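Undergrad: Got a structure for you, written out below as C-alpha coordinates; questions coming shortly.
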Amino acid sequence: MPTNSILIDDRLLVAHVLNIEVDFPSGATLNTTVWWHFRACRAAVAGTGGKLSGPFRAFPRALQEGAIQSMLRLPAHVVLPEPRPLVPVMVDVAQRHPHLRLMNREATAAALLLDAAVWLSPAASRGVLPAVFDAEHIPWTEVPLE
(Lines give C-alpha, C1' and ligand atoms only; values in the text may rest on other atoms or scores of the structure.)
Protein backbone atom coordinates (compact mmCIF):
# COMPACT_ATOMS: atom_id res chain seq x y z
CA MET A 1 0.00 0.00 0.00
CA PRO A 2 1.54 3.36 -1.00
CA THR A 3 2.25 5.71 1.86
CA ASN A 4 1.59 9.45 1.86
CA SER A 5 4.59 10.04 4.11
CA ILE A 6 8.08 10.27 2.64
CA LEU A 7 11.33 10.40 4.61
CA ILE A 8 14.06 12.14 2.59
CA ASP A 9 17.81 11.89 3.15
CA ASP A 10 20.20 14.83 3.47
CA ARG A 11 21.00 15.15 -0.24
CA LEU A 12 17.32 15.14 -1.20
CA LEU A 13 16.65 17.63 1.59
CA VAL A 14 19.25 19.99 0.13
CA ALA A 15 17.73 19.57 -3.33
CA HIS A 16 14.23 20.24 -2.00
CA VAL A 17 15.16 23.33 0.03
CA LEU A 18 17.13 24.78 -2.90
CA ASN A 19 14.30 24.05 -5.36
CA ILE A 20 16.36 21.60 -7.37
CA GLU A 21 13.92 19.41 -9.29
CA VAL A 22 12.71 16.43 -7.26
CA ASP A 23 9.22 15.25 -8.17
CA PHE A 24 7.46 14.47 -4.88
CA PRO A 25 3.91 13.08 -5.10
CA SER A 26 1.17 15.66 -4.68
CA GLY A 27 -0.10 15.73 -1.11
CA ALA A 28 2.82 13.77 0.32
CA THR A 29 4.10 14.70 3.76
CA LEU A 30 7.85 15.31 3.62
CA ASN A 31 9.92 14.26 6.63
CA THR A 32 13.60 14.16 7.40
CA THR A 33 15.67 13.33 10.46
CA VAL A 34 17.56 15.57 12.85
CA TRP A 35 20.89 14.01 11.75
CA TRP A 36 20.15 14.44 8.05
CA HIS A 37 19.08 18.04 8.68
CA PHE A 38 22.24 18.64 10.73
CA ARG A 39 24.49 17.22 7.99
CA ALA A 40 22.77 19.40 5.38
CA CYS A 41 23.15 22.51 7.57
CA ARG A 42 26.77 21.76 8.37
CA ALA A 43 27.52 21.32 4.67
CA ALA A 44 25.70 24.56 3.83
CA VAL A 45 27.64 26.57 6.39
CA ALA A 46 31.09 24.97 6.33
CA GLY A 47 31.16 22.84 3.19
CA THR A 48 33.84 22.87 0.56
CA GLY A 49 31.89 21.96 -2.54
CA GLY A 50 31.17 18.26 -1.98
CA LYS A 51 27.91 16.48 -2.76
CA LEU A 52 26.04 18.18 0.09
CA SER A 53 27.63 21.62 -0.01
CA GLY A 54 28.16 21.88 -3.76
CA PRO A 55 24.61 23.03 -4.52
CA PHE A 56 25.02 25.96 -2.09
CA ARG A 57 28.34 26.95 -3.67
CA ALA A 58 26.70 26.86 -7.11
CA PHE A 59 24.57 29.88 -6.17
CA PRO A 60 25.97 33.31 -7.03
CA ARG A 61 27.76 34.72 -3.99
CA ALA A 62 24.99 37.28 -3.43
CA LEU A 63 22.40 34.49 -3.06
CA GLN A 64 24.42 31.96 -1.06
CA GLU A 65 23.56 33.41 2.36
CA GLY A 66 19.84 33.25 1.62
CA ALA A 67 20.17 29.63 0.51
CA ILE A 68 22.11 28.77 3.67
CA GLN A 69 19.50 30.49 5.86
CA SER A 70 16.73 28.53 4.12
CA MET A 71 18.45 25.30 5.13
CA LEU A 72 19.11 26.44 8.70
CA ARG A 73 15.47 27.44 9.18
CA LEU A 74 14.10 24.25 7.53
CA PRO A 75 10.80 24.90 5.78
CA ALA A 76 7.83 24.35 8.09
CA HIS A 77 6.31 21.78 5.73
CA VAL A 78 9.31 19.45 6.24
CA VAL A 79 8.53 17.46 9.38
CA LEU A 80 11.07 16.31 11.97
CA PRO A 81 9.95 13.37 14.11
CA GLU A 82 9.24 14.05 17.76
CA PRO A 83 12.04 12.67 19.96
CA ARG A 84 9.89 11.21 22.78
CA PRO A 85 8.25 8.51 20.62
CA LEU A 86 11.30 8.22 18.33
CA VAL A 87 13.92 7.29 20.92
CA PRO A 88 12.26 4.04 22.09
CA VAL A 89 11.92 2.95 18.46
CA MET A 90 15.62 3.77 17.94
CA VAL A 91 16.44 1.53 20.90
CA ASP A 92 14.42 -1.29 19.33
CA VAL A 93 16.21 -0.76 16.00
CA ALA A 94 19.58 -0.82 17.80
CA GLN A 95 18.68 -4.20 19.33
CA ARG A 96 17.89 -5.68 15.91
CA HIS A 97 20.69 -3.90 14.01
CA PRO A 98 23.58 -3.24 16.42
CA HIS A 99 25.96 -2.48 13.54
CA LEU A 100 24.12 0.72 12.58
CA ARG A 101 25.49 4.14 13.39
CA LEU A 102 23.26 6.58 15.27
CA MET A 103 22.30 8.45 12.10
CA ASN A 104 21.10 5.26 10.42
CA ARG A 105 19.28 4.09 13.55
CA GLU A 106 17.43 7.39 13.58
CA ALA A 107 16.49 7.10 9.90
CA THR A 108 15.21 3.55 10.32
CA ALA A 109 13.27 4.40 13.47
CA ALA A 110 11.79 7.52 11.87
CA ALA A 111 10.59 5.54 8.85
CA LEU A 112 8.96 2.99 11.15
CA LEU A 113 7.43 5.57 13.47
CA LEU A 114 6.11 7.75 10.64
CA ASP A 115 5.04 4.79 8.50
CA ALA A 116 7.02 6.50 5.76
CA ALA A 117 8.55 5.37 2.52
CA VAL A 118 12.21 6.42 2.35
CA TRP A 119 13.66 8.24 -0.62
CA LEU A 120 17.43 7.93 -0.81
CA SER A 121 19.94 9.71 -2.99
CA PRO A 122 22.12 7.39 -5.12
CA ALA A 123 25.05 7.51 -2.68
CA ALA A 124 22.85 6.59 0.29
CA SER A 125 21.21 3.77 -1.65
CA ARG A 126 24.62 2.12 -1.96
CA GLY A 127 25.13 2.13 1.82
CA VAL A 128 23.87 -0.09 4.62
CA LEU A 129 20.36 1.33 4.86
CA PRO A 130 18.65 -0.49 1.97
CA ALA A 131 19.32 -3.92 3.51
CA VAL A 132 18.06 -2.70 6.88
CA PHE A 133 14.96 -1.18 5.29
CA ASP A 134 14.29 -4.45 3.47
CA ALA A 135 14.65 -6.41 6.73
CA GLU A 136 12.28 -3.98 8.46
CA HIS A 137 9.80 -4.01 5.55
CA ILE A 138 10.25 -0.28 5.00
CA PRO A 139 9.58 0.76 1.40
CA TRP A 140 12.43 2.72 -0.12
CA THR A 141 13.49 4.02 -3.48
CA GLU A 142 16.56 5.59 -5.02
CA VAL A 143 15.95 9.04 -6.44
CA PRO A 144 18.51 10.31 -8.97
CA LEU A 145 19.69 13.89 -8.48
CA GLU A 146 21.92 14.54 -11.48
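Residue numbering restarts at 1 for every chain of the C-alpha coordinates, chains are lettered A, B, ... in their displayed order, and ligands are numbered from 1 as they appear.
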Give me the residues within 9 Å of Pro144 (chain A) as a list in words, counting only C-alpha atoms and dropping any in the same chain fewer than 6 places off.
TA: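 The filter keeps Val22, Leu120, Ser121 and Pro122 of chain A.
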Undergrad: Report as a tab-separated table: every residue of region 58-81 of chain A with an atom at most 12 Å from region 26-43 of chain A, its closest pair of atoms, and their distance in Å to one decimal, counting only C-alpha atoms, with rows sorted by chain and ascending residue number.
TA:
```
residue	atom	partner	partner_atom	distance
A:Ala67	CA	A:Cys41	CA	10.5
A:Ile68	CA	A:Cys41	CA	7.5
A:Gln69	CA	A:Cys41	CA	8.9
A:Ser70	CA	A:Cys41	CA	9.4
A:Met71	CA	A:Cys41	CA	6.0
A:Leu72	CA	A:Cys41	CA	5.7
A:Arg73	CA	A:Cys41	CA	9.3
A:Leu74	CA	A:His37	CA	8.0
A:Pro75	CA	A:Leu30	CA	10.3
A:Ala76	CA	A:Leu30	CA	10.1
A:His77	CA	A:Leu30	CA	7.0
A:Val78	CA	A:Leu30	CA	5.1
A:Val79	CA	A:Asn31	CA	4.4
A:Leu80	CA	A:Thr32	CA	5.7
A:Pro81	CA	A:Thr33	CA	6.8
```
Undergrad: Hey, which of A:Leu145, A:Leu100, A:Val89, A:Ala94 ends up closest to Gly127 (chain A)? Count only C-alpha atoms.
TA: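 Of A:Leu145, A:Leu100, A:Val89, A:Ala94, the one nearest Gly127 (chain A) is A:Leu100, counting only C-alpha atoms.
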Undergrad: Could you pull out the strand (DSSP E) residues of region 61-127 of chain A from DSSP and send them as a list in words?
TA: Val78, Val79, Ala117, Val118, Trp119 and Leu120 of chain A
Undergrad: Between A:Val118, A:Val87, A:Val14, A:Ala62, which one has atoms that come closest to Pro130 (chain A), using only C-alpha atoms?
TA: A:Val118
Undergrad: Quick check, in Å to one decimal: how far apart do CA of Lys51 (chain A) and CA of Arg11 (chain A) lie?
TA: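 One can read the CA of Lys51 (chain A) to CA of Arg11 (chain A) distance as 7.5 Å.
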Undergrad: Which residues come within 7 Å of Trp119 (chain A), counting only C-alpha atoms, excluding same-chain residues fewer than 6 positions away, as JSON, numbers by chain?
TA: {"A": [6, 7, 8, 9, 140, 141, 142, 143]}
Undergrad: Export, as an mmCIF file, in the first residue's frame, the selected residues with all heavy atoms.
TA:
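out.cif, freshly written:
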```cif
data_model
loop_
_atom_site.group_PDB
_atom_site.id
_atom_site.type_symbol
_atom_site.label_atom_id
_atom_site.label_comp_id
_atom_site.auth_asym_id
_atom_site.auth_seq_id
_atom_site.Cartn_x
_atom_site.Cartn_y
_atom_site.Cartn_z
ATOM 1 N N ILE A 6 6.777 10.557 3.244
ATOM 2 C CA ILE A 6 8.078 10.270 2.642
ATOM 3 C C ILE A 6 9.173 10.824 3.536
ATOM 4 O O ILE A 6 9.126 11.994 3.939
ATOM 5 C CB ILE A 6 8.199 10.885 1.233
ATOM 6 C CG1 ILE A 6 7.121 10.316 0.308
ATOM 7 C CG2 ILE A 6 9.593 10.659 0.655
ATOM 8 C CD1 ILE A 6 7.027 11.025 -1.023
ATOM 9 N N LEU A 7 10.157 9.998 3.840
ATOM 10 C CA LEU A 7 11.332 10.404 4.612
ATOM 11 C C LEU A 7 12.463 10.606 3.616
ATOM 12 O O LEU A 7 12.803 9.689 2.869
ATOM 13 C CB LEU A 7 11.693 9.311 5.622
ATOM 14 C CG LEU A 7 12.862 9.593 6.556
ATOM 15 C CD1 LEU A 7 12.496 10.691 7.555
ATOM 16 C CD2 LEU A 7 13.259 8.320 7.295
ATOM 17 N N ILE A 8 13.018 11.823 3.576
ATOM 18 C CA ILE A 8 14.064 12.136 2.595
ATOM 19 C C ILE A 8 15.414 12.293 3.277
ATOM 20 O O ILE A 8 15.520 12.816 4.383
ATOM 21 C CB ILE A 8 13.727 13.397 1.768
ATOM 22 C CG1 ILE A 8 13.495 14.632 2.647
ATOM 23 C CG2 ILE A 8 12.505 13.129 0.893
ATOM 24 C CD1 ILE A 8 13.270 15.924 1.869
ATOM 25 N N ASP A 9 16.453 11.810 2.584
ATOM 26 C CA ASP A 9 17.807 11.893 3.145
ATOM 27 C C ASP A 9 18.372 13.302 2.982
ATOM 28 O O ASP A 9 17.724 14.207 2.439
ATOM 29 C CB ASP A 9 18.713 10.806 2.565
ATOM 30 C CG ASP A 9 19.151 11.031 1.134
ATOM 31 O OD1 ASP A 9 18.894 12.101 0.544
ATOM 32 O OD2 ASP A 9 19.781 10.109 0.569
ATOM 33 N N TRP A 140 11.430 1.704 0.182
ATOM 34 C CA TRP A 140 12.431 2.723 -0.118
ATOM 35 C C TRP A 140 12.659 2.759 -1.619
ATOM 36 O O TRP A 140 12.373 1.788 -2.326
ATOM 37 C CB TRP A 140 13.746 2.483 0.637
ATOM 38 C CG TRP A 140 14.492 1.266 0.203
ATOM 39 C CD1 TRP A 140 14.308 -0.014 0.642
ATOM 40 C CD2 TRP A 140 15.526 1.204 -0.783
ATOM 41 N NE1 TRP A 140 15.160 -0.860 -0.008
ATOM 42 C CE2 TRP A 140 15.931 -0.136 -0.882
ATOM 43 C CE3 TRP A 140 16.151 2.161 -1.574
ATOM 44 C CZ2 TRP A 140 16.932 -0.552 -1.760
ATOM 45 C CZ3 TRP A 140 17.139 1.749 -2.451
ATOM 46 C CH2 TRP A 140 17.525 0.398 -2.529
ATOM 47 N N THR A 141 13.167 3.872 -2.069
ATOM 48 C CA THR A 141 13.492 4.020 -3.484
ATOM 49 C C THR A 141 14.688 4.942 -3.643
ATOM 50 O O THR A 141 14.900 5.826 -2.813
ATOM 51 C CB THR A 141 12.273 4.550 -4.288
ATOM 52 O OG1 THR A 141 12.554 4.466 -5.666
ATOM 53 C CG2 THR A 141 11.921 5.988 -3.922
ATOM 54 N N GLU A 142 15.447 4.698 -4.684
ATOM 55 C CA GLU A 142 16.557 5.585 -5.020
ATOM 56 C C GLU A 142 16.026 6.681 -5.938
ATOM 57 O O GLU A 142 15.311 6.390 -6.911
ATOM 58 C CB GLU A 142 17.670 4.805 -5.733
ATOM 59 C CG GLU A 142 18.834 5.687 -6.137
ATOM 60 C CD GLU A 142 19.920 4.917 -6.886
ATOM 61 O OE1 GLU A 142 20.220 3.779 -6.480
ATOM 62 O OE2 GLU A 142 20.432 5.467 -7.878
ATOM 63 N N VAL A 143 16.393 7.906 -5.638
ATOM 64 C CA VAL A 143 15.953 9.042 -6.441
ATOM 65 C C VAL A 143 17.174 9.726 -7.021
ATOM 66 O O VAL A 143 17.999 10.279 -6.288
ATOM 67 C CB VAL A 143 15.149 10.055 -5.565
ATOM 68 C CG1 VAL A 143 14.716 11.248 -6.387
ATOM 69 C CG2 VAL A 143 13.960 9.358 -4.938
#
```
Undergrad: Determine the nearest neighbour of Leu12 (chain A) from the options A:Leu63, A:Thr108, A:Ala44, A:Ala124, counting only C-alpha atoms.
TA: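 Going through A:Leu63, A:Thr108, A:Ala44, A:Ala124 one by one, the smallest distance to Leu12 (chain A) is for A:Ala124.
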Undergrad: Check the smallest atom-to-atom distance from each of A:Leu52, A:Leu129, A:Asn19, A:Pro85 to His99 (chain A) using only C-alpha atoms, then report the winner.
TA: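 So, comparing all the options, the nearest one is A:Leu129.
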Undergrad: Could you give me, as a PyMOL selection string, each residue of chain A that DSSP assigns to alpha helix (DSSP H) when run on this structure's backbone?
TA: chain A and resi 10-17+34-46+54-57+61-73+83-96+102-114+122-125+129-135
